[in-house]
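Just run.cif here, mmCIF, C-alpha atoms:
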```
data_run
loop_
_atom_site.label_atom_id
_atom_site.label_comp_id
_atom_site.auth_asym_id
_atom_site.auth_seq_id
_atom_site.Cartn_x
_atom_site.Cartn_y
_atom_site.Cartn_z
CA MET A 1 53.24 6.84 -26.30
CA LEU A 2 49.64 5.78 -26.54
CA ARG A 3 50.70 2.17 -26.22
CA TYR A 4 52.18 2.84 -22.81
CA THR A 5 49.62 5.25 -21.39
CA PHE A 6 46.41 3.67 -22.49
CA PRO A 7 45.17 1.31 -19.75
CA PHE A 8 43.98 -1.20 -22.27
CA TYR A 9 47.18 -1.21 -24.20
CA LEU A 10 47.38 -4.95 -23.91
CA LEU A 11 44.09 -5.14 -25.72
CA LEU A 12 45.66 -3.50 -28.73
CA THR A 13 45.03 -5.31 -31.87
CA ASP A 14 47.53 -4.35 -34.45
CA THR A 15 44.95 -3.01 -36.82
CA ILE A 16 46.93 0.20 -36.99
CA LEU A 17 50.31 -1.47 -36.94
CA ALA A 18 49.39 -4.28 -39.24
CA SER A 19 52.06 -4.72 -41.79
CA GLU A 20 50.68 -7.67 -43.62
CA GLU A 21 47.17 -8.34 -44.75
CA LYS A 22 45.49 -11.68 -44.42
CA GLY A 23 42.48 -12.63 -46.39
CA GLY A 24 39.19 -13.93 -44.97
CA MET A 25 37.56 -13.73 -41.61
CA PRO A 26 39.82 -14.41 -38.63
CA GLN A 27 36.70 -15.80 -36.91
CA LEU A 28 36.76 -18.81 -39.18
CA ASN A 29 40.36 -19.73 -38.47
CA PRO A 30 40.12 -22.91 -36.37
CA GLU A 31 43.60 -22.50 -34.92
CA SER A 32 42.32 -20.25 -32.12
CA PHE A 33 39.11 -22.18 -31.36
CA SER A 34 40.49 -24.40 -28.62
CA SER A 35 42.08 -21.57 -26.67
CA GLN A 36 38.99 -19.37 -27.01
CA ILE A 37 36.65 -22.08 -25.78
CA PHE A 38 39.04 -22.99 -22.96
CA TRP A 39 39.32 -19.43 -21.66
CA LEU A 40 35.60 -18.82 -22.14
CA ILE A 41 34.78 -21.83 -19.97
CA ILE A 42 37.32 -20.92 -17.30
CA LEU A 43 36.38 -17.25 -17.10
CA PHE A 44 32.65 -17.78 -17.33
CA ILE A 45 32.73 -20.39 -14.58
CA VAL A 46 34.86 -18.12 -12.40
CA LEU A 47 32.45 -15.22 -12.92
CA PHE A 48 29.44 -17.47 -12.37
CA LEU A 49 30.83 -18.87 -9.12
CA ILE A 50 31.77 -15.44 -7.80
CA ASN A 51 28.35 -14.08 -8.67
CA HIS A 52 26.48 -17.12 -7.40
CA PHE A 53 28.29 -17.56 -4.10
CA PHE A 54 29.43 -14.07 -3.29
CA PHE A 55 27.66 -11.13 -4.90
CA LEU A 56 24.11 -12.34 -5.57
CA PRO A 57 23.49 -13.70 -2.04
CA LYS A 58 24.56 -10.28 -0.78
CA ILE A 59 22.01 -8.54 -2.99
CA LYS A 60 19.34 -11.08 -2.06
CA LYS A 61 20.10 -10.65 1.61
CA ILE A 62 19.93 -6.87 1.57
CA ARG A 63 16.75 -6.93 -0.50
CA ASN A 64 15.12 -9.39 1.91
CA LYS A 65 16.26 -7.27 4.81
CA ARG A 66 14.80 -4.20 3.16
CA GLU A 67 11.51 -5.99 2.55
CA GLU A 68 11.45 -7.18 6.15
CA THR A 69 12.19 -3.69 7.41
CA ILE A 70 9.44 -2.20 5.28
CA GLN A 71 7.06 -4.96 6.38
CA SER A 72 7.97 -4.47 10.03
CA TYR A 73 7.37 -0.73 9.68
CA LEU A 74 4.06 -1.41 7.99
CA ASP A 75 3.10 -3.88 10.72
CA GLU A 76 4.10 -1.43 13.39
CA ALA A 77 2.14 1.34 11.69
CA LYS A 78 -0.88 -0.94 11.46
CA LYS A 79 -0.52 -1.90 15.09
CA LEU A 80 -0.23 1.73 16.11
CA ASN A 81 -3.22 2.60 13.99
CA ASP A 82 -5.23 -0.21 15.57
CA SER A 83 -4.27 0.82 19.07
CA PHE A 84 -5.04 4.42 18.17
CA ASN A 85 -8.45 3.40 16.86
CA SER A 86 -9.21 1.33 19.95
CA LEU A 87 -8.10 4.25 22.11
CA VAL A 88 -10.37 6.60 20.21
CA GLU A 89 -13.22 4.13 20.60
CA LYS A 90 -12.52 3.76 24.29
CA MET A 91 -12.28 7.51 24.66
CA ASN A 92 -15.59 8.01 22.87
CA LYS A 93 -17.22 5.38 25.03
CA GLU A 94 -15.88 6.94 28.19
CA PHE A 95 -16.86 10.36 26.97
CA ASN A 96 -20.40 9.18 26.28
CA GLU A 97 -20.60 7.47 29.67
CA ALA A 98 -19.29 10.60 31.35
CA LYS A 99 -21.82 12.65 29.44
CA MET A 100 -24.65 10.41 30.55
CA GLU A 101 -23.43 10.44 34.13
CA GLN A 102 -23.09 14.17 33.98
CA ASN A 103 -26.66 14.49 32.70
CA THR A 104 -28.06 12.28 35.47
CA LEU A 105 -26.01 14.13 38.05
CA ILE A 106 -27.20 17.48 36.77
CA LYS A 107 -30.78 16.25 36.70
CA LYS A 108 -30.49 14.85 40.21
CA ALA A 109 -28.85 17.99 41.53
CA PHE A 110 -31.47 20.09 39.82
CA GLU A 111 -34.28 18.07 41.36
CA GLU A 112 -32.72 18.16 44.78
CA ASN A 113 -32.13 21.84 44.53
CA LYS A 114 -35.68 22.34 43.34
CA LYS A 115 -36.97 20.39 46.30
CA ILE A 116 -34.86 22.45 48.70
CA PHE A 117 -35.87 25.60 46.93
CA ASP A 118 -39.56 24.73 47.08
CA LYS A 119 -39.24 23.85 50.72
CA LYS A 120 -37.47 27.10 51.47
CA ILE A 121 -40.02 29.07 49.50
CA LEU A 122 -42.79 27.35 51.44
CA GLU A 123 -41.03 28.06 54.71
CA ILE A 124 -40.47 31.66 53.78
CA ASN A 125 -44.04 32.01 52.67
CA ASN A 126 -45.29 30.51 55.89
CA ASP A 127 -43.00 32.74 57.86
CA PHE A 128 -44.10 35.65 55.87
CA GLU A 129 -47.77 34.84 56.38
CA GLU A 130 -47.20 34.39 60.06
CA LYS A 131 -45.33 37.67 60.29
CA LYS A 132 -48.04 39.35 58.26
CA SER A 133 -50.83 38.11 60.47
CA GLN A 134 -48.90 39.06 63.55
CA LEU A 135 -48.26 42.48 62.17
CA ASN A 136 -51.89 42.81 61.27
CA SER A 137 -52.94 41.87 64.72
CA ASP A 138 -50.39 44.27 66.17
CA ILE A 139 -51.68 47.01 63.95
CA GLU A 140 -55.22 46.23 64.94
CA LYS A 141 -54.24 46.17 68.56
CA ASN A 142 -52.37 49.45 68.30
CA LYS A 143 -55.18 50.93 66.32
CA GLU A 144 -57.59 49.94 69.01
CA LEU A 145 -55.27 51.22 71.63
CA ILE A 146 -54.89 54.49 69.81
CA SER A 147 -58.62 54.82 69.28
CA ASN A 148 -59.16 54.12 72.99
CA GLU A 149 -56.50 56.47 74.12
CA LEU A 150 -57.23 59.21 71.60
CA PRO A 151 -60.24 60.94 73.43
CA LYS A 152 -58.29 60.94 76.64
CA LEU A 153 -55.26 62.47 74.94
CA CYS A 154 -57.40 64.98 73.14
CA VAL A 155 -59.07 65.98 76.42
CA ASN A 156 -55.70 66.35 78.08
CA LEU A 157 -54.46 68.38 75.16
CA SER A 158 -57.46 70.63 75.19
CA ASP A 159 -57.13 71.05 78.97
CA ASN A 160 -53.54 72.01 78.58
CA LEU A 161 -54.36 74.43 75.77
CA TYR A 162 -57.12 75.92 77.87
CA GLU A 163 -54.85 76.37 80.82
CA LYS A 164 -52.21 78.04 78.71
CA ILE A 165 -54.65 80.36 77.03
CA MET A 166 -57.02 81.10 79.92
CA GLY A 167 -54.70 80.59 82.80
CA GLU A 168 -57.08 78.45 84.75
CA LYS A 169 -57.54 74.82 85.06
CA ASN A 170 -60.28 72.94 83.34
CA LYS A 171 -61.24 69.43 83.86
CA GLY A 172 -62.83 67.90 80.67
CA SER A 173 -64.24 64.45 80.53
CA VAL A 174 -63.97 61.84 77.88
CA SER A 175 -67.70 61.45 77.63
CA ASP A 176 -68.07 65.17 76.94
CA PHE A 177 -65.42 64.94 74.27
CA LYS A 178 -67.18 62.05 72.68
CA LYS A 179 -70.41 63.94 72.76
CA ILE A 180 -68.79 66.90 71.01
CA VAL A 181 -67.08 64.80 68.41
CA GLY A 182 -70.22 62.78 67.91
CA ASP A 183 -68.73 59.51 68.69
CA ASP A 184 -70.96 57.87 71.20
CA ARG A 185 -69.19 54.79 71.72
CA MET B 1 45.75 0.04 -45.00
CA ALA B 2 44.73 -2.78 -42.76
CA SER B 3 41.69 -4.80 -43.69
CA PRO B 4 38.50 -3.98 -41.75
CA LEU B 5 38.62 -7.57 -40.57
CA ALA B 6 42.11 -7.28 -39.14
CA GLN B 7 40.62 -6.04 -35.86
CA PHE B 8 39.22 -9.53 -35.26
CA GLU B 9 42.56 -11.27 -35.50
CA ILE B 10 43.61 -13.39 -32.54
CA LYS B 11 47.09 -12.66 -31.22
CA LYS B 12 48.76 -14.99 -28.82
CA LEU B 13 50.00 -13.15 -25.74
CA ILE B 14 51.14 -16.11 -23.66
CA GLU B 15 51.66 -19.38 -25.44
CA MET B 16 50.27 -22.44 -23.72
CA GLU B 17 49.55 -25.97 -24.79
CA ALA B 18 47.98 -28.95 -23.05
CA PHE B 19 46.94 -32.40 -24.29
CA GLY B 20 47.78 -31.35 -27.79
CA PHE B 21 45.40 -28.40 -27.63
CA ASP B 22 46.50 -24.82 -28.04
CA LEU B 23 45.32 -23.04 -24.91
CA SER B 24 47.28 -19.81 -25.41
CA PHE B 25 46.23 -16.69 -23.57
CA THR B 26 45.26 -14.44 -26.46
CA ASN B 27 43.99 -10.91 -26.89
CA SER B 28 40.49 -12.42 -26.91
CA SER B 29 41.18 -14.10 -23.57
CA LEU B 30 42.53 -10.84 -22.24
CA ALA B 31 39.40 -8.98 -23.33
CA MET B 32 37.34 -11.70 -21.64
CA THR B 33 39.44 -11.40 -18.48
CA MET B 34 38.94 -7.64 -18.53
CA THR B 35 35.19 -8.25 -18.90
CA VAL B 36 35.20 -10.49 -15.84
CA PHE B 37 37.37 -7.99 -13.99
CA PHE B 38 35.06 -5.07 -14.77
CA ILE B 39 31.96 -7.02 -13.77
CA ILE B 40 33.57 -7.98 -10.47
CA LEU B 41 34.67 -4.37 -9.98
CA PHE B 42 31.16 -3.12 -10.78
CA MET B 43 29.62 -5.57 -8.32
CA TYR B 44 32.26 -4.94 -5.69
CA ILE B 45 31.93 -1.15 -5.79
CA GLY B 46 28.15 -1.38 -5.78
CA LEU B 47 27.96 -3.84 -2.91
CA ARG B 48 30.81 -2.54 -0.75
CA ASN B 49 28.65 -0.79 1.83
CA LEU B 50 25.26 -2.43 1.78
CA GLU B 51 22.52 -0.19 3.08
CA ILE B 52 18.81 -0.73 3.43
CA ILE B 53 18.38 2.66 1.77
CA PRO B 54 20.78 2.09 -1.13
CA SER B 55 23.46 4.50 -2.27
CA LYS B 56 23.62 5.45 -5.97
CA LYS B 57 26.23 2.77 -6.69
CA GLN B 58 24.28 0.12 -4.83
CA SER B 59 21.05 1.01 -6.59
CA ILE B 60 22.73 0.66 -10.00
CA VAL B 61 23.78 -2.90 -9.12
CA GLU B 62 20.39 -3.59 -7.59
CA SER B 63 18.59 -2.28 -10.65
CA SER B 64 20.56 -4.71 -12.82
CA TYR B 65 19.47 -7.45 -10.40
CA GLU B 66 15.89 -6.24 -10.67
CA PHE B 67 16.11 -6.06 -14.46
CA ILE B 68 17.14 -9.71 -14.74
CA SER B 69 14.73 -10.91 -12.07
CA GLY B 70 11.94 -9.04 -13.89
CA MET B 71 12.99 -10.68 -17.16
CA ILE B 72 12.95 -14.13 -15.57
CA GLY B 73 9.68 -13.44 -13.76
CA ASP B 74 7.99 -12.33 -16.99
CA ASN B 75 9.33 -15.12 -19.21
CA ILE B 76 9.68 -18.15 -16.95
CA GLY B 77 7.91 -17.38 -13.70
CA ASN B 78 9.00 -18.19 -10.19
CA GLU B 79 10.46 -21.56 -11.15
CA GLY B 80 13.01 -19.70 -13.26
CA MET B 81 14.60 -18.07 -10.23
CA LYS B 82 16.78 -21.21 -9.90
CA TYR B 83 18.59 -20.10 -13.05
CA PHE B 84 18.91 -16.50 -11.91
CA SER B 85 22.66 -16.58 -11.27
CA PHE B 86 23.31 -18.08 -14.68
CA ILE B 87 21.19 -15.61 -16.64
CA PHE B 88 22.48 -12.69 -14.58
CA THR B 89 26.08 -13.71 -15.22
CA LEU B 90 25.39 -14.40 -18.89
CA PHE B 91 23.73 -11.04 -19.45
CA LEU B 92 26.44 -9.05 -17.71
CA PHE B 93 29.20 -11.09 -19.37
CA ILE B 94 27.91 -10.42 -22.88
CA LEU B 95 26.89 -6.82 -22.13
CA VAL B 96 30.24 -5.82 -20.66
CA GLY B 97 32.05 -7.78 -23.39
CA ASN B 98 30.14 -5.85 -26.06
CA LEU B 99 30.62 -2.50 -24.33
CA LEU B 100 34.36 -3.02 -23.72
CA GLY B 101 34.64 -3.85 -27.40
CA MET B 102 33.41 -0.32 -28.15
CA LEU B 103 36.57 1.15 -26.61
CA PRO B 104 39.12 2.10 -29.27
CA TYR B 105 41.98 -0.42 -29.70
CA SER B 106 40.17 -3.00 -27.57
CA PHE B 107 38.98 -6.38 -28.73
CA THR B 108 35.39 -7.58 -29.04
CA TRP B 109 35.36 -11.22 -28.06
CA THR B 110 31.62 -11.45 -28.79
CA SER B 111 32.44 -10.94 -32.46
CA HIS B 112 33.91 -14.43 -32.61
CA ILE B 113 31.48 -17.10 -33.74
CA ILE B 114 33.27 -19.83 -31.85
CA VAL B 115 32.77 -18.04 -28.51
CA THR B 116 29.11 -17.17 -29.08
CA PHE B 117 28.47 -20.62 -30.48
CA ALA B 118 30.10 -22.24 -27.46
CA ILE B 119 27.88 -20.25 -25.11
CA ALA B 120 24.76 -20.96 -27.17
CA PHE B 121 25.67 -24.64 -27.45
CA PHE B 122 26.12 -24.99 -23.68
CA ILE B 123 22.76 -23.30 -23.19
CA PHE B 124 21.23 -25.67 -25.74
CA ILE B 125 22.69 -28.72 -24.02
CA GLY B 126 21.66 -27.41 -20.60
CA VAL B 127 18.13 -26.61 -21.72
CA THR B 128 17.72 -30.03 -23.33
CA PHE B 129 19.04 -31.67 -20.19
CA ILE B 130 16.60 -29.69 -18.01
CA ALA B 131 13.70 -30.70 -20.27
CA ILE B 132 14.62 -34.40 -20.20
CA TYR B 133 15.33 -34.34 -16.46
CA LYS B 134 12.03 -32.63 -15.69
CA HIS B 135 9.71 -34.50 -18.06
CA GLY B 136 11.47 -37.67 -19.15
CA VAL B 137 12.58 -38.64 -22.64
CA VAL B 138 9.12 -39.60 -23.98
CA LYS B 139 7.46 -36.39 -22.97
CA PHE B 140 10.42 -34.45 -24.26
CA LEU B 141 10.15 -36.15 -27.65
CA LYS B 142 6.44 -35.32 -27.73
CA PHE B 143 7.57 -31.71 -27.68
CA PHE B 144 8.37 -32.14 -31.39
CA ALA B 145 4.90 -33.43 -32.19
CA PRO B 146 2.42 -30.81 -31.04
CA ALA B 147 -0.89 -32.18 -29.76
CA GLY B 148 -4.02 -31.81 -31.86
CA VAL B 149 -2.23 -31.94 -35.20
CA PRO B 150 -3.59 -34.39 -37.80
CA LYS B 151 -1.29 -37.41 -38.22
CA PRO B 152 -0.40 -36.83 -41.88
CA MET B 153 0.73 -33.35 -40.98
CA LEU B 154 3.14 -34.76 -38.42
CA ILE B 155 5.33 -36.14 -41.19
CA LEU B 156 5.95 -32.58 -42.23
CA LEU B 157 5.77 -30.95 -38.84
CA VAL B 158 8.10 -33.15 -36.79
CA PRO B 159 11.17 -32.60 -38.99
CA ILE B 160 10.45 -28.85 -39.02
CA GLU B 161 10.17 -28.80 -35.24
CA ILE B 162 13.39 -30.79 -34.85
CA ILE B 163 15.24 -28.55 -37.28
CA SER B 164 13.96 -25.43 -35.56
CA TYR B 165 15.00 -26.87 -32.18
CA LEU B 166 18.45 -27.84 -33.40
CA SER B 167 18.97 -24.50 -35.10
CA ARG B 168 18.45 -22.64 -31.82
CA PRO B 169 22.14 -22.54 -30.85
CA ILE B 170 23.08 -21.50 -34.37
CA SER B 171 20.56 -18.68 -34.57
CA LEU B 172 21.40 -17.56 -31.04
CA SER B 173 25.13 -17.48 -31.63
CA VAL B 174 25.07 -16.11 -35.18
CA ARG B 175 22.74 -13.28 -34.13
CA LEU B 176 25.21 -11.98 -31.57
CA PHE B 177 28.35 -12.69 -33.56
CA ALA B 178 27.04 -11.23 -36.82
CA ASN B 179 25.70 -8.10 -35.15
CA MET B 180 28.94 -7.39 -33.37
CA MET B 181 31.15 -8.22 -36.30
CA ALA B 182 29.09 -6.25 -38.81
CA GLY B 183 28.94 -3.25 -36.50
CA HIS B 184 32.66 -3.20 -35.87
CA THR B 185 33.51 -3.77 -39.52
CA LEU B 186 31.22 -0.93 -40.51
CA LEU B 187 32.82 1.36 -37.94
CA LYS B 188 36.23 0.43 -39.27
CA VAL B 189 35.20 1.07 -42.89
CA ILE B 190 33.63 4.44 -42.06
CA GLY B 191 36.73 5.24 -39.98
CA GLY B 192 38.80 4.51 -43.11
CA PHE B 193 36.60 6.92 -45.08
CA VAL B 194 37.23 9.64 -42.51
CA PHE B 195 40.96 9.17 -42.93
CA VAL B 196 41.07 8.83 -46.70
CA LEU B 197 38.56 11.58 -47.53
CA GLY B 198 40.02 13.91 -44.93
CA ALA B 199 43.57 13.38 -46.16
CA ASN B 200 42.59 14.01 -49.78
CA SER B 201 40.49 17.14 -49.23
CA PHE B 202 42.31 19.13 -46.53
CA ILE B 203 40.24 17.60 -43.68
CA VAL B 204 36.93 19.08 -44.98
CA GLY B 205 35.84 15.89 -46.71
CA GLY B 206 36.29 13.89 -43.52
CA ILE B 207 33.67 15.80 -41.59
CA LEU B 208 30.62 14.04 -43.01
CA PRO B 209 31.89 10.49 -42.49
CA LEU B 210 33.11 11.50 -39.03
CA ALA B 211 29.62 12.66 -38.06
CA PHE B 212 28.30 9.41 -39.45
CA LEU B 213 30.93 7.49 -37.49
CA ILE B 214 29.92 9.18 -34.24
CA ALA B 215 26.25 8.44 -34.87
CA LEU B 216 27.10 4.83 -35.68
CA THR B 217 29.16 4.53 -32.50
CA GLY B 218 26.06 5.57 -30.53
CA LEU B 219 24.02 3.03 -32.44
CA GLU B 220 26.62 0.34 -31.77
CA ILE B 221 26.42 1.03 -28.04
CA VAL B 222 22.66 0.57 -28.21
CA ILE B 223 23.17 -2.64 -30.18
CA ALA B 224 25.71 -3.82 -27.60
CA PHE B 225 23.02 -3.56 -24.94
CA LEU B 226 20.26 -4.88 -27.17
CA GLN B 227 22.16 -8.00 -28.22
CA ALA B 228 23.03 -8.86 -24.64
CA TYR B 229 19.37 -8.39 -23.76
CA VAL B 230 18.19 -10.51 -26.69
CA PHE B 231 20.65 -13.26 -25.81
CA ALA B 232 19.52 -13.31 -22.19
CA ILE B 233 15.82 -13.16 -23.02
CA LEU B 234 16.08 -15.96 -25.60
CA THR B 235 17.91 -18.05 -23.01
CA CYS B 236 14.98 -17.35 -20.67
CA LEU B 237 12.50 -18.44 -23.35
CA TYR B 238 14.42 -21.65 -24.02
CA ILE B 239 14.53 -22.44 -20.31
CA ASN B 240 10.83 -21.67 -20.13
CA ASP B 241 10.18 -24.12 -22.98
CA ALA B 242 12.25 -26.74 -21.18
CA ILE B 243 10.38 -26.26 -17.90
CA HIS B 244 6.87 -26.04 -19.29
CA LEU B 245 7.09 -27.92 -22.64
CA HIS B 246 4.11 -26.36 -24.42
#
```

Could I get this file's structure written as structure tokens?
Amino acid sequence: MLRYTFPFYLLLTDTILASEEKGGMPQLNPESFSSQIFWLIILFIVLFLINHFFFLPKIKKIRNKREETIQSYLDEAKKLNDSFNSLVEKMNKEFNEAKMEQNTLIKKAFEENKKIFDKKILEINNDFEEKKSQLNSDIEKNKELISNELPKLCVNLSDNLYEKIMGEKNKGSVSDFKKIVGDDR
Amino acid sequence: MASPLAQFEIKKLIEMEAFGFDLSFTNSSLAMTMTVFFIILFMYIGLRNLEIIPSKKQSIVESSYEFISGMIGDNIGNEGMKYFSFIFTLFLFILVGNLLGMLPYSFTWTSHIIVTFAIAFFIFIGVTFIAIYKHGVVKFLKFFAPAGVPKPMLILLVPIEIISYLSRPISLSVRLFANMMAGHTLLKVIGGFVFVLGANSFIVGGILPLAFLIALTGLEIVIAFLQAYVFAILTCLYINDAIHLH
């Protein structure tokens, strides 16, 4: 059954089935040389042509394509990297510029504010001084007024007290009061 | 029992004759046809759906491509890429021929001196033609008289160089043929031992030669690859000599 089931049954040599033995090496029997060379040439050329014109260009093509794809990816990655680097550079530059601008702005604002602040302080101080001097003068004035009015008020008060206690009117004078108090002004 | 050499016998399958030559399709031709068929099948399956990221099948085919292109790159250089298709075909042809021969009941066409000699002879003719075409006859003949050798020595050296050059196809073909034939004969002999010793000692005696046979089969598969490789690499070296003429 093996003869019919084995896929290479046609390749069977009859080593097993050999009924007669021949001496010597079959390789040296020139009878088969012409057919072997003929079929070798035919089959080798067929295989060579199929490989050369059909299979190998396919492999070459796909390998080139692969190389191109890898190269294009590499190029793209390099390009992206470059653009990324330039962006980072640009960003850093802009950041630095912004930082400098920010510093000058802060400085300027600070100075302006300081100026306004100083001015306000000066104004407030002036105001304050003015108010202070006015108040002082008011106080002085009132003080004077009080000191002028005080003997008269005291006399009135004492007159009133006298009237309440004694039941008769008394008319005191400021000069008398001053004499009693000892203030001869 | 059949002779260990009976496996190499050529059997005519389809008788043919032309111009007085016997061109019959024999078991050797069939084995060769199967070799071609399997190579085409291998390439076809591998290259059916080409992808930039290769499938397993595609990468096997591509690695064989890479193997040969690496061999050519190392031994010839970029100029050798012109001969890529030839060396690739040659390597696969011999490799698959050797490996198919390892199948039981098959035929090893590489074990026939006339076939290996024909291949080696065509390579020899081709290489000589390339050398003459590239460098001209005079420069090619100078190849046999290395520069810087004293003149009296040339009398001795030139014949040696010529003999060594002419013996290239013989050494190339005999190396492959002898290796394959010896290997297969040995396998057959050991196989006979398995049968005879096993039959005479209730199977027990056959165990040792069987183990040996299995080990030898593994070795033969390695040799099948190695001989194809050696054949291809020597072809590369010859082409390199023809292109560069040391």

Exercise for review: Quick one: everything within 12 Å of Leu157 of chain A, counting all atoms listed in the file, minus sequence neighbours fewer than 5 positions away in the same chain. Send it as a ChimeraX atom specification.
Suggested key: /A:150-152,162-164,170-174,177

Review point. Where does the PyMOL selection byres ((chain B and resi 219-225) around 10) land in this file, that is, which residues does it pick, as an NGL selection string?
Key: :B and (91-92 or 94-102 or 110 or 176 or 179-180 or 182-184 or 186-187 or 213-218 or 226-230)

Check your understanding: Which one of B:Gly126, B:Pro104, B:Gly136, B:Gly80 sits closest to chain A if you count only C-alpha atoms?
Key ->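 Ranked by minimum distance to chain A, first place goes to B:Pro104.
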
Study note, to complete from the structure: Residue with the minimum atom-to-atom distance to chain A, picked from B:Gly192, B:Lys56, B:Thr128, B:Glu161 with all atoms listed in the file counted, is B:Gly192

Exercise for review: Kindly give the distance, in Å, that separates atom CA of Phe54 of chain A and atom CA of Thr26 of chain B, rounded to a single decimal.
Suggested key: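 So the two atoms, atom CA of Phe54 of chain A and atom CA of Thr26 of chain B, lie 28.1 Å apart.
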
Check your understanding: the PyMOL selection byres ((chain B and resi 39-46) around 10) on the file shown: which residues, as an NGL selection string?
Key -> (:A and (47 or 50-51 or 54-56 or 59)) or (:B and (33-38 or 47-50 or 54-62 or 89 or 92-93 or 95-97))

Using the chain letters and numbering of this document, enumerate as a tab-separated table (two decimals) with C-alpha atoms, in the coordinates of the input the residues selected by the PyMOL selection byres ((chain B and resi 82) around 12).
```
chain	number	residue	atom	x	y	z
A	52	HIS	CA	26.48	-17.12	-7.40
B	69	SER	CA	14.73	-10.91	-12.07
B	72	ILE	CA	12.95	-14.13	-15.57
B	73	GLY	CA	9.68	-13.44	-13.76
B	76	ILE	CA	9.68	-18.15	-16.95
B	77	GLY	CA	7.91	-17.38	-13.70
B	78	ASN	CA	9.00	-18.19	-10.19
B	79	GLU	CA	10.46	-21.56	-11.15
B	80	GLY	CA	13.01	-19.70	-13.26
B	81	MET	CA	14.60	-18.07	-10.23
B	83	TYR	CA	18.59	-20.10	-13.05
B	84	PHE	CA	18.91	-16.50	-11.91
B	85	SER	CA	22.66	-16.58	-11.27
B	86	PHE	CA	23.31	-18.08	-14.68
B	87	ILE	CA	21.19	-15.61	-16.64
B	88	PHE	CA	22.48	-12.69	-14.58
B	130	ILE	CA	16.60	-29.69	-18.01
B	236	CYS	CA	14.98	-17.35	-20.67
B	239	ILE	CA	14.53	-22.44	-20.31
B	240	ASN	CA	10.83	-21.67	-20.13
B	243	ILE	CA	10.38	-26.26	-17.90
```

Review point. Could you work out how far atom CA of Phe117 of chain A lies from atom CA of Glu101 of chain A, giving the answer in Å with one decimal?
Key: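 Computing it gives 23.4 Å between the two atoms.
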
Revision key, fill the gap. Taken to one decimal, the atom CA of Val115 of chain B-atom CA of Phe48 of chain A distance is 16.5 Å

Review point. Would you list which chain B residues are within 6 Å of chain A using all atoms listed in the file, as JSON, numbers by chain?
Key: {"B": [2, 6, 7, 8, 9, 22, 23, 24, 27, 29, 52, 85, 89, 105, 106, 112]}

Assuming the input is short of atoms at segment 104-115 of chain B, produce N, CA and C atoms for that part as a compact mmCIF listing (two decimals), in the coordinates of the input.
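What ended up in rebuild18.txt:
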```txt
# COMPACT_ATOMS: atom_id res chain seq x y z
N PRO B 104 38.13 2.16 -28.18
CA PRO B 104 39.12 2.10 -29.27
C PRO B 104 40.31 1.21 -28.88
N TYR B 105 40.81 0.48 -29.85
CA TYR B 105 41.98 -0.42 -29.70
C TYR B 105 41.69 -1.66 -28.86
N SER B 106 40.46 -1.79 -28.34
CA SER B 106 40.17 -3.00 -27.57
C SER B 106 39.73 -4.12 -28.52
N PHE B 107 39.35 -5.22 -27.93
CA PHE B 107 38.98 -6.38 -28.73
C PHE B 107 37.58 -6.83 -28.33
N THR B 108 36.76 -7.15 -29.33
CA THR B 108 35.39 -7.58 -29.04
C THR B 108 35.31 -9.08 -29.15
N TRP B 109 35.35 -9.75 -27.98
CA TRP B 109 35.36 -11.22 -28.06
C TRP B 109 34.02 -11.78 -28.49
N THR B 110 32.93 -10.95 -28.35
CA THR B 110 31.62 -11.45 -28.79
C THR B 110 31.50 -11.46 -30.31
N SER B 111 32.50 -10.91 -30.99
CA SER B 111 32.44 -10.94 -32.46
C SER B 111 33.07 -12.20 -33.03
N HIS B 112 33.35 -13.16 -32.14
CA HIS B 112 33.91 -14.43 -32.61
C HIS B 112 32.88 -15.53 -32.52
N ILE B 113 32.57 -16.10 -33.67
CA ILE B 113 31.48 -17.10 -33.74
C ILE B 113 31.73 -18.27 -32.82
N ILE B 114 33.00 -18.65 -32.65
CA ILE B 114 33.27 -19.83 -31.85
C ILE B 114 32.88 -19.59 -30.38
N VAL B 115 33.09 -18.37 -29.90
CA VAL B 115 32.77 -18.04 -28.51
C VAL B 115 31.25 -18.02 -28.34
```
